[in-house]
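Shown next: protein03.pdb, given as PDB, C-alpha atoms and all ligand atoms.
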```
ATOM      1  CA  MET E   1     -41.636  13.858 -21.092  1.00  0.00           C
ATOM      2  CA  GLN E   2     -40.457  12.232 -17.910  1.00  0.00           C
ATOM      3  CA  LYS E   3     -38.789  14.524 -15.406  1.00  0.00           C
ATOM      4  CA  PRO E   4     -35.131  13.630 -14.771  1.00  0.00           C
ATOM      5  CA  ASN E   5     -34.607  12.041 -11.401  1.00  0.00           C
ATOM      6  CA  MET E   6     -32.279  14.568  -9.830  1.00  0.00           C
ATOM      7  CA  THR E   7     -31.623  12.635  -6.632  1.00  0.00           C
ATOM      8  CA  ALA E   8     -30.405   9.534  -8.490  1.00  0.00           C
ATOM      9  CA  SER E   9     -27.622  11.502 -10.161  1.00  0.00           C
ATOM     10  CA  VAL E  10     -26.339  13.094  -6.940  1.00  0.00           C
ATOM     11  CA  LYS E  11     -23.216  11.214  -5.924  1.00  0.00           C
ATOM     12  CA  PRO E  12     -22.534  11.058  -2.204  1.00  0.00           C
ATOM     13  CA  GLU E  13     -19.324  12.872  -1.353  1.00  0.00           C
ATOM     14  CA  ILE E  14     -16.264  10.690  -1.935  1.00  0.00           C
ATOM     15  CA  ILE E  15     -13.754  10.662   0.881  1.00  0.00           C
ATOM     16  CA  VAL E  16     -10.118   9.748   0.303  1.00  0.00           C
ATOM     17  CA  ILE E  17      -7.828   9.267   3.269  1.00  0.00           C
ATOM     18  CA  ALA E  18      -4.196   8.985   2.187  1.00  0.00           C
ATOM     19  CA  ILE E  19      -1.684   7.204   4.408  1.00  0.00           C
ATOM     20  CA  ASP E  20       1.974   7.083   3.440  1.00  0.00           C
ATOM     21  CA  GLY E  21       4.998   5.960   5.374  1.00  0.00           C
ATOM     22  CA  PRO E  22       7.859   3.460   5.535  1.00  0.00           C
ATOM     23  CA  ALA E  23       7.519  -0.312   5.865  1.00  0.00           C
ATOM     24  CA  GLY E  24       6.555  -1.414   9.354  1.00  0.00           C
ATOM     25  CA  ALA E  25       5.034   1.938  10.385  1.00  0.00           C
ATOM     26  CA  GLY E  26       1.681   0.146  10.782  1.00  0.00           C
ATOM     27  CA  LYS E  27      -0.037   1.577   7.699  1.00  0.00           C
ATOM     28  CA  SER E  28      -1.965  -1.510   6.633  1.00  0.00           C
ATOM     29  CA  THR E  29      -3.303  -2.474  10.075  1.00  0.00           C
ATOM     30  CA  VAL E  30      -4.249   1.121  10.832  1.00  0.00           C
ATOM     31  CA  ALA E  31      -5.794   1.657   7.370  1.00  0.00           C
ATOM     32  CA  LYS E  32      -7.937  -1.473   7.822  1.00  0.00           C
ATOM     33  CA  ILE E  33      -9.187  -0.235  11.208  1.00  0.00           C
ATOM     34  CA  LEU E  34      -9.986   3.206   9.773  1.00  0.00           C
ATOM     35  CA  ALA E  35     -11.798   1.737   6.773  1.00  0.00           C
ATOM     36  CA  ARG E  36     -13.909  -0.415   9.103  1.00  0.00           C
ATOM     37  CA  ARG E  37     -14.657   2.421  11.506  1.00  0.00           C
ATOM     38  CA  LEU E  38     -15.658   4.763   8.657  1.00  0.00           C
ATOM     39  CA  SER E  39     -17.432   2.026   6.649  1.00  0.00           C
ATOM     40  CA  ILE E  40     -15.399   2.773   3.525  1.00  0.00           C
ATOM     41  CA  SER E  41     -13.047   0.665   1.374  1.00  0.00           C
ATOM     42  CA  TYR E  42      -9.423  -0.155   2.081  1.00  0.00           C
ATOM     43  CA  LEU E  43      -7.001   0.307  -0.808  1.00  0.00           C
ATOM     44  CA  ASP E  44      -3.710  -1.549  -0.325  1.00  0.00           C
ATOM     45  CA  THR E  45      -1.524  -0.151  -3.120  1.00  0.00           C
ATOM     46  CA  GLY E  46       1.569  -2.108  -2.033  1.00  0.00           C
ATOM     47  CA  ALA E  47      -0.362  -5.322  -2.727  1.00  0.00           C
ATOM     48  CA  MET E  48      -0.653  -4.275  -6.374  1.00  0.00           C
ATOM     49  CA  TYR E  49       3.125  -3.854  -6.745  1.00  0.00           C
ATOM     50  CA  ARG E  50       3.585  -7.144  -4.896  1.00  0.00           C
ATOM     51  CA  ALA E  51       1.157  -9.008  -7.177  1.00  0.00           C
ATOM     52  CA  LEU E  52       3.015  -7.890 -10.285  1.00  0.00           C
ATOM     53  CA  THR E  53       6.347  -8.834  -8.678  1.00  0.00           C
ATOM     54  CA  PHE E  54       4.973 -12.289  -7.920  1.00  0.00           C
ATOM     55  CA  LYS E  55       4.015 -12.748 -11.571  1.00  0.00           C
ATOM     56  CA  ALA E  56       7.362 -11.413 -12.851  1.00  0.00           C
ATOM     57  CA  LEU E  57       9.231 -13.874 -10.590  1.00  0.00           C
ATOM     58  CA  ARG E  58       6.988 -16.759 -11.604  1.00  0.00           C
ATOM     59  CA  GLU E  59       7.479 -15.989 -15.303  1.00  0.00           C
ATOM     60  CA  LYS E  60      11.212 -15.429 -14.803  1.00  0.00           C
ATOM     61  CA  ILE E  61      11.067 -11.985 -16.383  1.00  0.00           C
ATOM     62  CA  ASN E  62      14.275  -9.965 -16.294  1.00  0.00           C
ATOM     63  CA  LEU E  63      13.527  -7.580 -13.429  1.00  0.00           C
ATOM     64  CA  GLU E  64      16.152  -5.135 -14.680  1.00  0.00           C
ATOM     65  CA  ASP E  65      14.341  -4.714 -18.011  1.00  0.00           C
ATOM     66  CA  GLY E  66      11.877  -1.822 -17.694  1.00  0.00           C
ATOM     67  CA  SER E  67      10.204  -2.432 -21.072  1.00  0.00           C
ATOM     68  CA  GLN E  68       9.481  -6.093 -20.248  1.00  0.00           C
ATOM     69  CA  LEU E  69       8.043  -5.004 -16.907  1.00  0.00           C
ATOM     70  CA  ALA E  70       5.873  -2.385 -18.621  1.00  0.00           C
ATOM     71  CA  GLU E  71       4.583  -5.023 -21.051  1.00  0.00           C
ATOM     72  CA  LEU E  72       3.828  -7.300 -18.123  1.00  0.00           C
ATOM     73  CA  ALA E  73       1.887  -4.548 -16.331  1.00  0.00           C
ATOM     74  CA  LYS E  74      -0.140  -3.818 -19.484  1.00  0.00           C
ATOM     75  CA  THR E  75      -1.163  -7.445 -19.937  1.00  0.00           C
ATOM     76  CA  THR E  76      -1.882  -8.290 -16.286  1.00  0.00           C
ATOM     77  CA  LYS E  77      -5.182  -7.966 -14.473  1.00  0.00           C
ATOM     78  CA  ILE E  78      -4.903  -7.034 -10.817  1.00  0.00           C
ATOM     79  CA  GLN E  79      -8.065  -6.779  -8.729  1.00  0.00           C
ATOM     80  CA  LEU E  80      -8.672  -5.974  -5.077  1.00  0.00           C
ATOM     81  CA  LYS E  81     -11.852  -7.489  -3.684  1.00  0.00           C
ATOM     82  CA  ALA E  82     -13.353  -7.063  -0.231  1.00  0.00           C
ATOM     83  CA  SER E  83     -14.386 -10.392   1.330  1.00  0.00           C
ATOM     84  CA  GLN E  84     -15.419 -11.770   4.701  1.00  0.00           C
ATOM     85  CA  PHE E  85     -11.730 -12.602   5.208  1.00  0.00           C
ATOM     86  CA  GLY E  86     -10.668  -9.026   4.498  1.00  0.00           C
ATOM     87  CA  LEU E  87      -9.218  -7.631   1.292  1.00  0.00           C
ATOM     88  CA  ARG E  88      -8.189 -10.307  -1.232  1.00  0.00           C
ATOM     89  CA  ILE E  89      -5.768  -9.734  -4.104  1.00  0.00           C
ATOM     90  CA  PHE E  90      -6.454 -11.356  -7.478  1.00  0.00           C
ATOM     91  CA  LEU E  91      -3.865 -11.787 -10.218  1.00  0.00           C
ATOM     92  CA  ASP E  92      -5.375 -12.642 -13.603  1.00  0.00           C
ATOM     93  CA  GLY E  93      -8.338 -14.109 -11.727  1.00  0.00           C
ATOM     94  CA  ASP E  94      -6.392 -16.129  -9.117  1.00  0.00           C
ATOM     95  CA  ASP E  95      -6.313 -15.268  -5.425  1.00  0.00           C
ATOM     96  CA  VAL E  96      -2.640 -14.595  -4.563  1.00  0.00           C
ATOM     97  CA  SER E  97      -3.230 -12.808  -1.246  1.00  0.00           C
ATOM     98  CA  GLU E  98      -0.905 -15.179   0.686  1.00  0.00           C
ATOM     99  CA  GLU E  99       1.789 -15.653  -1.998  1.00  0.00           C
ATOM    100  CA  ILE E 100       2.478 -11.933  -2.370  1.00  0.00           C
ATOM    101  CA  ARG E 101       3.612 -11.706   1.281  1.00  0.00           C
ATOM    102  CA  SER E 102       6.627 -14.002   0.828  1.00  0.00           C
ATOM    103  CA  VAL E 103      10.127 -12.736   1.675  1.00  0.00           C
ATOM    104  CA  GLU E 104      11.135 -13.271  -1.966  1.00  0.00           C
ATOM    105  CA  VAL E 105       8.346 -11.016  -3.221  1.00  0.00           C
ATOM    106  CA  THR E 106       9.023  -8.449  -0.464  1.00  0.00           C
ATOM    107  CA  ASN E 107      12.705  -8.224  -1.385  1.00  0.00           C
ATOM    108  CA  ASN E 108      12.131  -7.951  -5.144  1.00  0.00           C
ATOM    109  CA  THR E 109       9.220  -5.505  -5.304  1.00  0.00           C
ATOM    110  CA  PHE E 110      11.587  -2.542  -5.635  1.00  0.00           C
ATOM    111  CA  TYR E 111      12.319  -3.553  -9.250  1.00  0.00           C
ATOM    112  CA  ILE E 112       8.640  -3.203 -10.105  1.00  0.00           C
ATOM    113  CA  ALA E 113       8.173  -0.091  -7.966  1.00  0.00           C
ATOM    114  CA  ARG E 114      11.001   1.805  -9.640  1.00  0.00           C
ATOM    115  CA  ALA E 115       9.801   1.236 -13.233  1.00  0.00           C
ATOM    116  CA  PRO E 116       8.127   4.504 -14.391  1.00  0.00           C
ATOM    117  CA  GLU E 117       5.718   2.904 -16.890  1.00  0.00           C
ATOM    118  CA  VAL E 118       4.603   0.335 -14.341  1.00  0.00           C
ATOM    119  CA  ARG E 119       3.982   3.065 -11.784  1.00  0.00           C
ATOM    120  CA  ALA E 120       1.921   5.052 -14.306  1.00  0.00           C
ATOM    121  CA  ILE E 121      -0.339   2.023 -14.854  1.00  0.00           C
ATOM    122  CA  MET E 122      -0.650   1.326 -11.113  1.00  0.00           C
ATOM    123  CA  VAL E 123      -1.423   4.966 -10.303  1.00  0.00           C
ATOM    124  CA  GLY E 124      -4.121   4.968 -13.017  1.00  0.00           C
ATOM    125  CA  LEU E 125      -5.754   1.866 -11.516  1.00  0.00           C
ATOM    126  CA  GLN E 126      -5.572   3.299  -8.005  1.00  0.00           C
ATOM    127  CA  ARG E 127      -7.183   6.571  -9.104  1.00  0.00           C
ATOM    128  CA  GLN E 128      -9.998   4.665 -10.815  1.00  0.00           C
ATOM    129  CA  LEU E 129     -10.712   2.836  -7.565  1.00  0.00           C
ATOM    130  CA  GLY E 130     -10.666   6.088  -5.576  1.00  0.00           C
ATOM    131  CA  GLU E 131     -13.032   7.783  -8.014  1.00  0.00           C
ATOM    132  CA  GLN E 132     -15.687   5.096  -7.638  1.00  0.00           C
ATOM    133  CA  GLN E 133     -15.876   4.934  -3.853  1.00  0.00           C
ATOM    134  CA  SER E 134     -14.564   6.393  -0.621  1.00  0.00           C
ATOM    135  CA  VAL E 135     -11.247   4.824   0.366  1.00  0.00           C
ATOM    136  CA  VAL E 136      -8.506   4.683   2.926  1.00  0.00           C
ATOM    137  CA  ALA E 137      -5.521   4.295   0.604  1.00  0.00           C
ATOM    138  CA  GLU E 138      -2.083   3.404   1.902  1.00  0.00           C
ATOM    139  CA  GLY E 139       1.313   3.250   0.235  1.00  0.00           C
ATOM    140  CA  ARG E 140       4.304   5.483  -0.428  1.00  0.00           C
ATOM    141  CA  ASP E 141       3.089   8.073  -2.969  1.00  0.00           C
ATOM    142  CA  ILE E 142      -0.594   8.348  -2.120  1.00  0.00           C
ATOM    143  CA  GLY E 143      -0.657  11.925  -0.828  1.00  0.00           C
ATOM    144  CA  THR E 144       2.019  13.151  -3.244  1.00  0.00           C
ATOM    145  CA  VAL E 145       1.116  11.476  -6.559  1.00  0.00           C
ATOM    146  CA  VAL E 146      -1.979   9.242  -6.529  1.00  0.00           C
ATOM    147  CA  PHE E 147      -4.416  11.471  -4.646  1.00  0.00           C
ATOM    148  CA  PRO E 148      -2.854  14.917  -4.281  1.00  0.00           C
ATOM    149  CA  LYS E 149      -6.329  16.272  -3.478  1.00  0.00           C
ATOM    150  CA  ALA E 150      -7.142  13.649  -0.826  1.00  0.00           C
ATOM    151  CA  THR E 151      -9.619  14.697   1.853  1.00  0.00           C
ATOM    152  CA  LYS E 152      -6.976  14.148   4.548  1.00  0.00           C
ATOM    153  CA  LYS E 153      -3.359  13.020   4.338  1.00  0.00           C
ATOM    154  CA  PHE E 154      -1.313  11.295   6.999  1.00  0.00           C
ATOM    155  CA  TYR E 155       2.338  10.332   7.104  1.00  0.00           C
ATOM    156  CA  LEU E 156       2.719   7.418   9.475  1.00  0.00           C
ATOM    157  CA  ASP E 157       6.148   6.819  10.925  1.00  0.00           C
ATOM    158  CA  ALA E 158       7.781   4.859  13.760  1.00  0.00           C
ATOM    159  CA  ASP E 159      11.211   4.370  15.175  1.00  0.00           C
ATOM    160  CA  PHE E 160      13.374   1.994  13.054  1.00  0.00           C
ATOM    161  CA  LYS E 161      13.853  -0.557  15.874  1.00  0.00           C
ATOM    162  CA  GLU E 162      10.147  -0.752  16.512  1.00  0.00           C
ATOM    163  CA  ARG E 163       9.358  -1.158  12.806  1.00  0.00           C
ATOM    164  CA  ALA E 164      11.846  -4.026  12.627  1.00  0.00           C
ATOM    165  CA  GLN E 165      10.372  -5.630  15.763  1.00  0.00           C
ATOM    166  CA  ARG E 166       6.857  -5.459  14.317  1.00  0.00           C
ATOM    167  CA  ARG E 167       8.023  -7.216  11.139  1.00  0.00           C
ATOM    168  CA  ILE E 168       9.837  -9.887  13.199  1.00  0.00           C
ATOM    169  CA  LYS E 169       6.693 -10.567  15.264  1.00  0.00           C
ATOM    170  CA  GLU E 170       4.578 -10.701  12.106  1.00  0.00           C
ATOM    171  CA  LEU E 171       6.869 -13.335  10.553  1.00  0.00           C
ATOM    172  CA  GLN E 172       7.152 -15.317  13.792  1.00  0.00           C
ATOM    173  CA  ALA E 173       3.369 -15.361  14.074  1.00  0.00           C
ATOM    174  CA  LYS E 174       3.371 -17.088  10.679  1.00  0.00           C
ATOM    175  CA  GLY E 175       5.752 -19.708  12.098  1.00  0.00           C
ATOM    176  CA  LYS E 176       8.868 -18.378  10.313  1.00  0.00           C
ATOM    177  CA  THR E 177      12.354 -18.397  11.845  1.00  0.00           C
ATOM    178  CA  VAL E 178      13.803 -14.913  11.722  1.00  0.00           C
ATOM    179  CA  ASN E 179      17.413 -13.743  11.628  1.00  0.00           C
ATOM    180  CA  GLU E 180      17.016 -10.357  13.341  1.00  0.00           C
ATOM    181  CA  GLN E 181      20.168  -8.763  11.916  1.00  0.00           C
ATOM    182  CA  GLN E 182      19.294  -9.856   8.392  1.00  0.00           C
ATOM    183  CA  LEU E 183      15.777  -8.540   8.767  1.00  0.00           C
ATOM    184  CA  GLN E 184      17.059  -5.153   9.996  1.00  0.00           C
ATOM    185  CA  ASP E 185      19.455  -4.965   7.042  1.00  0.00           C
ATOM    186  CA  GLU E 186      16.649  -5.790   4.604  1.00  0.00           C
ATOM    187  CA  LEU E 187      14.344  -3.200   6.170  1.00  0.00           C
ATOM    188  CA  ASN E 188      17.069  -0.577   5.989  1.00  0.00           C
ATOM    189  CA  ASP E 189      17.667  -1.455   2.357  1.00  0.00           C
ATOM    190  CA  ARG E 190      13.936  -1.178   1.557  1.00  0.00           C
ATOM    191  CA  ASP E 191      13.812   2.234   3.287  1.00  0.00           C
ATOM    192  CA  GLN E 192      16.716   3.504   1.184  1.00  0.00           C
ATOM    193  CA  LYS E 193      15.116   2.228  -2.020  1.00  0.00           C
ATOM    194  CA  ASP E 194      11.731   3.736  -1.093  1.00  0.00           C
ATOM    195  CA  PHE E 195      13.214   7.145  -0.248  1.00  0.00           C
ATOM    196  CA  THR E 196      15.561   7.434  -3.224  1.00  0.00           C
ATOM    197  CA  ARG E 197      13.461   6.024  -6.093  1.00  0.00           C
ATOM    198  CA  LYS E 198      13.308   8.508  -9.015  1.00  0.00           C
ATOM    199  CA  VAL E 199       9.555   8.055  -9.538  1.00  0.00           C
ATOM    200  CA  GLY E 200       7.025   8.032  -6.713  1.00  0.00           C
ATOM    201  CA  PRO E 201       9.547   8.021  -3.865  1.00  0.00           C
ATOM    202  CA  LEU E 202       8.336   7.874  -0.286  1.00  0.00           C
ATOM    203  CA  LYS E 203       7.909  11.485   0.718  1.00  0.00           C
ATOM    204  CA  LYS E 204       5.692  13.308   3.159  1.00  0.00           C
ATOM    205  CA  ALA E 205       3.184  15.485   1.285  1.00  0.00           C
ATOM    206  CA  ASP E 206       3.466  19.126   2.373  1.00  0.00           C
ATOM    207  CA  ASP E 207      -0.077  19.042   3.725  1.00  0.00           C
ATOM    208  CA  ALA E 208       0.170  15.637   5.447  1.00  0.00           C
ATOM    209  CA  ILE E 209      -0.167  15.288   9.215  1.00  0.00           C
ATOM    210  CA  VAL E 210       2.704  13.299  10.727  1.00  0.00           C
ATOM    211  CA  ILE E 211       1.700  10.557  13.137  1.00  0.00           C
ATOM    212  CA  ASP E 212       4.386   8.746  15.116  1.00  0.00           C
ATOM    213  CA  SER E 213       3.134   5.285  15.999  1.00  0.00           C
ATOM    214  CA  THR E 214       6.157   4.367  18.155  1.00  0.00           C
ATOM    215  CA  GLY E 215       4.860   2.848  21.385  1.00  0.00           C
ATOM    216  CA  LEU E 216       1.252   2.924  20.192  1.00  0.00           C
ATOM    217  CA  THR E 217      -0.982   0.020  19.301  1.00  0.00           C
ATOM    218  CA  ALA E 218      -2.675   0.045  15.896  1.00  0.00           C
ATOM    219  CA  GLU E 219      -5.997   0.857  17.618  1.00  0.00           C
ATOM    220  CA  GLU E 220      -4.434   3.828  19.419  1.00  0.00           C
ATOM    221  CA  THR E 221      -2.844   5.074  16.194  1.00  0.00           C
ATOM    222  CA  ALA E 222      -6.150   4.771  14.330  1.00  0.00           C
ATOM    223  CA  GLU E 223      -7.859   6.654  17.149  1.00  0.00           C
ATOM    224  CA  LYS E 224      -5.329   9.480  16.844  1.00  0.00           C
ATOM    225  CA  ILE E 225      -5.921   9.692  13.090  1.00  0.00           C
ATOM    226  CA  LEU E 226      -9.692   9.702  13.591  1.00  0.00           C
ATOM    227  CA  GLN E 227      -9.369  12.643  15.983  1.00  0.00           C
ATOM    228  CA  TYR E 228      -7.633  14.644  13.230  1.00  0.00           C
ATOM    229  CA  PHE E 229     -10.075  13.392  10.644  1.00  0.00           C
ATOM    230  CA  ASN E 230     -13.076  14.551  12.674  1.00  0.00           C
ATOM    231  CA  LYS E 231     -11.603  18.006  13.318  1.00  0.00           C
TER     232      LYS E 231
HETATM  233  O1  LIG E 301       3.463  -1.564   1.673  1.00  0.00           O
HETATM  234  P1  LIG E 301       4.115  -2.826   1.142  1.00  0.00           P
HETATM  235  O2  LIG E 301       5.290  -3.291   1.958  1.00  0.00           O
HETATM  236  O3  LIG E 301       3.148  -3.926   0.894  1.00  0.00           O
HETATM  237  O4  LIG E 301       4.691  -2.385  -0.281  1.00  0.00           O
HETATM  238  C1  LIG E 301       5.388  -3.285  -1.093  1.00  0.00           C
HETATM  239  C2  LIG E 301       6.385  -2.531  -1.940  1.00  0.00           C
HETATM  240  O5  LIG E 301       5.721  -1.735  -2.918  1.00  0.00           O
HETATM  241  C3  LIG E 301       7.332  -1.609  -1.199  1.00  0.00           C
HETATM  242  O6  LIG E 301       8.643  -2.065  -1.412  1.00  0.00           O
HETATM  243  C4  LIG E 301       7.180  -0.256  -1.798  1.00  0.00           C
HETATM  244  C5  LIG E 301       6.272  -0.439  -2.971  1.00  0.00           C
HETATM  245  N1  LIG E 301       5.167   0.520  -3.007  1.00  0.00           N
HETATM  246  C6  LIG E 301       5.313   1.611  -3.797  1.00  0.00           C
HETATM  247  O7  LIG E 301       6.362   1.793  -4.413  1.00  0.00           O
HETATM  248  N2  LIG E 301       4.290   2.504  -3.897  1.00  0.00           N
HETATM  249  C7  LIG E 301       3.151   2.324  -3.220  1.00  0.00           C
HETATM  250  N3  LIG E 301       2.162   3.204  -3.353  1.00  0.00           N
HETATM  251  C8  LIG E 301       3.013   1.205  -2.386  1.00  0.00           C
HETATM  252  C9  LIG E 301       4.057   0.318  -2.286  1.00  0.00           C
END
```
As a first step, turn the structure in this file into C-alpha cells.
Amino acid sequence: MQKPNMTASVKPEIIVIAIDGPAGAGKSTVAKILARRLSISYLDTGAMYRALTFKALREKINLEDGSQLAELAKTTKIQLKASQFGLRIFLDGDDVSEEIRSVEVTNNTFYIARAPEVRAIMVGLQRQLGEQQSVVAEGRDIGTVVFPKATKKFYLDADFKERAQRRIKELQAKGKTVNEQQLQDELNDRDQKDFTRKVGPLKKADDAIVIDSTGLTAEETAEKILQYFNK
C-alpha cells in the first residue's frame, strides 16, 4: 500500500484581514495595497452588491420587492477574478467592473444591501472565497458577520469632509462634473443607510483596531495597518 503523502494535505495557514468602514474611508485602495504587499487576494465585497444592483436596474426589477431580489441573487453568477489590470468583476460571465461604479448603481445599492436573503447569499459566497485562500476583505460587515474569526480586524474611518473630498476627486479624475453639495448629501445618506440597516449594518467589531485615515495617504494608512498586523 502506498503511504499517504502527508505534506500534500497540509494546508498553509489562511490569513483573513477584515477591513470595515464607511464610504470614502479609503478601504479599497488600502486593501489593494495590503493584498499586494502580503501577496494575498483582495476581496471587494461592495463590488458584489454593486454587480447585483446593476443587474436589477438593467432588468427593471422592483427594488422594493425583497423576494424578487432574493430570486435574482439565487439565479445570478458573480465572480471576482484577479487580472493584470487588478480585480475584475464578472456578472453572469460579463466583465462589469466599470459599469458597477456608476452614480446610479452607487445610489441604488442600498436596496440590495438591505435585503436579508440577498445578504445571506453574498455572505455565503464571501466565506467560500475566504476559505480557499488568504484574503484582505473589505466592506461593512466583514469583521462582524462574514469573518468573525478573522486573523486581524480593522475599522477604517476618516473625517466626513475628507471622505467627501476623496469621492469628488475620484469622480473628477474620471472626467465627471461634480456638484459638491449634492455629493455630500448623497454620502451622508449612504452613511445613514449603512449604519441603520437591520441586517449587516456598518459596525465596528469589538475586537477591531480603529484606524483614522484623515490626513494620511493610502500608502501611509496601509503602512499603519501593516505595523499592527506584524505585531
Ligand atoms: O464599498 P462600496 O461603496 O463599493 O459598497 C457598495 C455598497 O454595498 C454600499 O452602499 C454598502 C454595501 N455593502 C454592504 O452592505 N456590505 C458590504 N460588505 C459591502 C458593501
Selection result for the PyMOL selection byres (((chain E and resi 106) around 12) and not hetatm) on this file, as a PyMOL selection string: chain E and resi 23+46-47+49-54+57+99-105+107-113+167+183+186-187+189-190
So, with only C-alpha atoms and all ligand atoms as the atoms that count, which of E:Glu71, E:Glu170, E:Glu180, E:Asp191 lies closest to ligand LIG 301 (chain E)? E:Asp191
List the neighbours of region 215-225 of chain E out to 7 Å using only C-alpha atoms; skip same-chain residues closer than 3 positions along the sequence, and give me the result as a list in words.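 Within the cut-off, the hits are Gly26, Thr29, Val30, Ile33, Leu34, Tyr228 and Phe229 of chain E.
Comparing E:Gly66, E:Gly21, E:Gly86, E:Gly93 by their smallest distance to ligand LIG 301 (chain E), the closest is E:Gly21 (using all atoms listed in the file).
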Given the file shown, determine the residues that the PyMOL selection byres (((chain E and resi 153) around 9) and not hetatm) selects; report them as a PDB file with C-alpha atoms, keeping the file's coordinate frame.
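Written file, selection.pdb:
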```
ATOM      1  CA  VAL E  16     -10.118   9.748   0.303  1.00  0.00           C
ATOM      2  CA  ILE E  17      -7.828   9.267   3.269  1.00  0.00           C
ATOM      3  CA  ALA E  18      -4.196   8.985   2.187  1.00  0.00           C
ATOM      4  CA  ILE E  19      -1.684   7.204   4.408  1.00  0.00           C
ATOM      5  CA  ASP E  20       1.974   7.083   3.440  1.00  0.00           C
ATOM      6  CA  ILE E 142      -0.594   8.348  -2.120  1.00  0.00           C
ATOM      7  CA  GLY E 143      -0.657  11.925  -0.828  1.00  0.00           C
ATOM      8  CA  PRO E 148      -2.854  14.917  -4.281  1.00  0.00           C
ATOM      9  CA  LYS E 149      -6.329  16.272  -3.478  1.00  0.00           C
ATOM     10  CA  ALA E 150      -7.142  13.649  -0.826  1.00  0.00           C
ATOM     11  CA  THR E 151      -9.619  14.697   1.853  1.00  0.00           C
ATOM     12  CA  LYS E 152      -6.976  14.148   4.548  1.00  0.00           C
ATOM     13  CA  PHE E 154      -1.313  11.295   6.999  1.00  0.00           C
ATOM     14  CA  TYR E 155       2.338  10.332   7.104  1.00  0.00           C
ATOM     15  CA  ALA E 205       3.184  15.485   1.285  1.00  0.00           C
ATOM     16  CA  ASP E 207      -0.077  19.042   3.725  1.00  0.00           C
ATOM     17  CA  ALA E 208       0.170  15.637   5.447  1.00  0.00           C
ATOM     18  CA  ILE E 209      -0.167  15.288   9.215  1.00  0.00           C
ATOM     19  CA  VAL E 210       2.704  13.299  10.727  1.00  0.00           C
TER      20      VAL E 210
END
```
Since I can't run it myself right now, could you work out what the PyMOL selection byres (((chain E and resi 161) around 12) and not hetatm) selects here and report it as a list in words?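 Applied to this file, the PyMOL selection byres (((chain E and resi 161) around 12) and not hetatm) selects Ala23, Gly24, Ala25, Asp157, Ala158, Asp159, Phe160, Glu162, Arg163, Ala164, Gln165, Arg166, Arg167, Ile168, Glu180, Gln181, Leu183, Gln184, Asp185, Leu187, Asn188, Thr214 and Gly215 of chain E.
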Choose the residue, out of E:Leu91, E:Leu38, E:Ala137, E:Val96, that has the smallest atom-to-atom separation from ligand LIG 301 (chain E); count only C-alpha atoms and all ligand atoms.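 When distances to ligand LIG 301 (chain E) are compared using only C-alpha atoms and all ligand atoms, the smallest one comes from E:Ala137.
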Take CA of Glu13 (chain E) and CA of Gln126 (chain E) and report the distance between them in Å, one decimal.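 It comes out at 18.0 Å.
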Find, counting only C-alpha atoms, the residue in E:Lys60, E:Lys174, E:Lys193, E:Lys27 that gets nearest to Thr45 (chain E).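 Going through E:Lys60, E:Lys174, E:Lys193, E:Lys27 one by one, the smallest distance to Thr45 (chain E) is for E:Lys27.
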Å distance separating CA of Val199 (chain E) from CA of Gln128 (chain E), one decimal place: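 Separating CA of Val199 (chain E) from CA of Gln128 (chain E) is a distance of 19.9 Å.
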Ranking E:Gly175, E:Gly139, E:Pro116, E:Pro22 by minimum distance to ligand LIG 301 (chain E) and counting only C-alpha atoms and all ligand atoms, which one comes first? E:Gly139
Would you mind listing what lies within 10 Å of Arg127 (chain E) as a tab-separated table (two decimals) with C-alpha atoms, in the coordinates of the input, with only C-alpha atoms counted and same-chain residues fewer than 2 positions away left out?
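Output (selection-v7.tsv):
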```
chain	number	residue	atom	x	y	z
E	122	MET	CA	-0.65	1.33	-11.11
E	123	VAL	CA	-1.42	4.97	-10.30
E	124	GLY	CA	-4.12	4.97	-13.02
E	125	LEU	CA	-5.75	1.87	-11.52
E	129	LEU	CA	-10.71	2.84	-7.56
E	130	GLY	CA	-10.67	6.09	-5.58
E	131	GLU	CA	-13.03	7.78	-8.01
E	132	GLN	CA	-15.69	5.10	-7.64
E	142	ILE	CA	-0.59	8.35	-2.12
E	145	VAL	CA	1.12	11.48	-6.56
E	146	VAL	CA	-1.98	9.24	-6.53
E	147	PHE	CA	-4.42	11.47	-4.65
```
Could you check how far atom C2 of ligand LIG 301 (chain E) sits from CA of Arg119 (chain E), in Å to one decimal?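 Value for the atom C2 of ligand LIG 301 (chain E)-CA of Arg119 (chain E) distance: 11.6 Å.
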Report as AutoDock Vina command-line options the centre and the edge lengths, in Å to one decimal, of the axis-aligned box holding every listed atom of ligand LIG 301 (chain E), padded by 6 Å on each side.
```
--center_x 5.4 --center_y -0.4 --center_z -1.2 --size_x 18.5 --size_y 19.1 --size_z 18.4
```
Hey, which of E:Ser213, E:Ala115, E:Asp194, E:Glu138 ends up closest to Ala73 (chain E)? Count only C-alpha atoms.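 Comparing E:Ser213, E:Ala115, E:Asp194, E:Glu138 against Ala73 (chain E), the winner is E:Ala115.
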If we count only C-alpha atoms and set the cut-off at 7 Å, which residues sit around Val135 (chain E), ignoring sequence neighbours fewer than 6 positions away in its own chain? Please answer as a PDB file with C-alpha atoms, keeping the file's coordinate frame.
```
ATOM      1  CA  ILE E  15     -13.754  10.662   0.881  1.00  0.00           C
ATOM      2  CA  VAL E  16     -10.118   9.748   0.303  1.00  0.00           C
ATOM      3  CA  ILE E  17      -7.828   9.267   3.269  1.00  0.00           C
ATOM      4  CA  ILE E  40     -15.399   2.773   3.525  1.00  0.00           C
ATOM      5  CA  SER E  41     -13.047   0.665   1.374  1.00  0.00           C
ATOM      6  CA  TYR E  42      -9.423  -0.155   2.081  1.00  0.00           C
ATOM      7  CA  LEU E  43      -7.001   0.307  -0.808  1.00  0.00           C
TER       8      LEU E  43
END
```
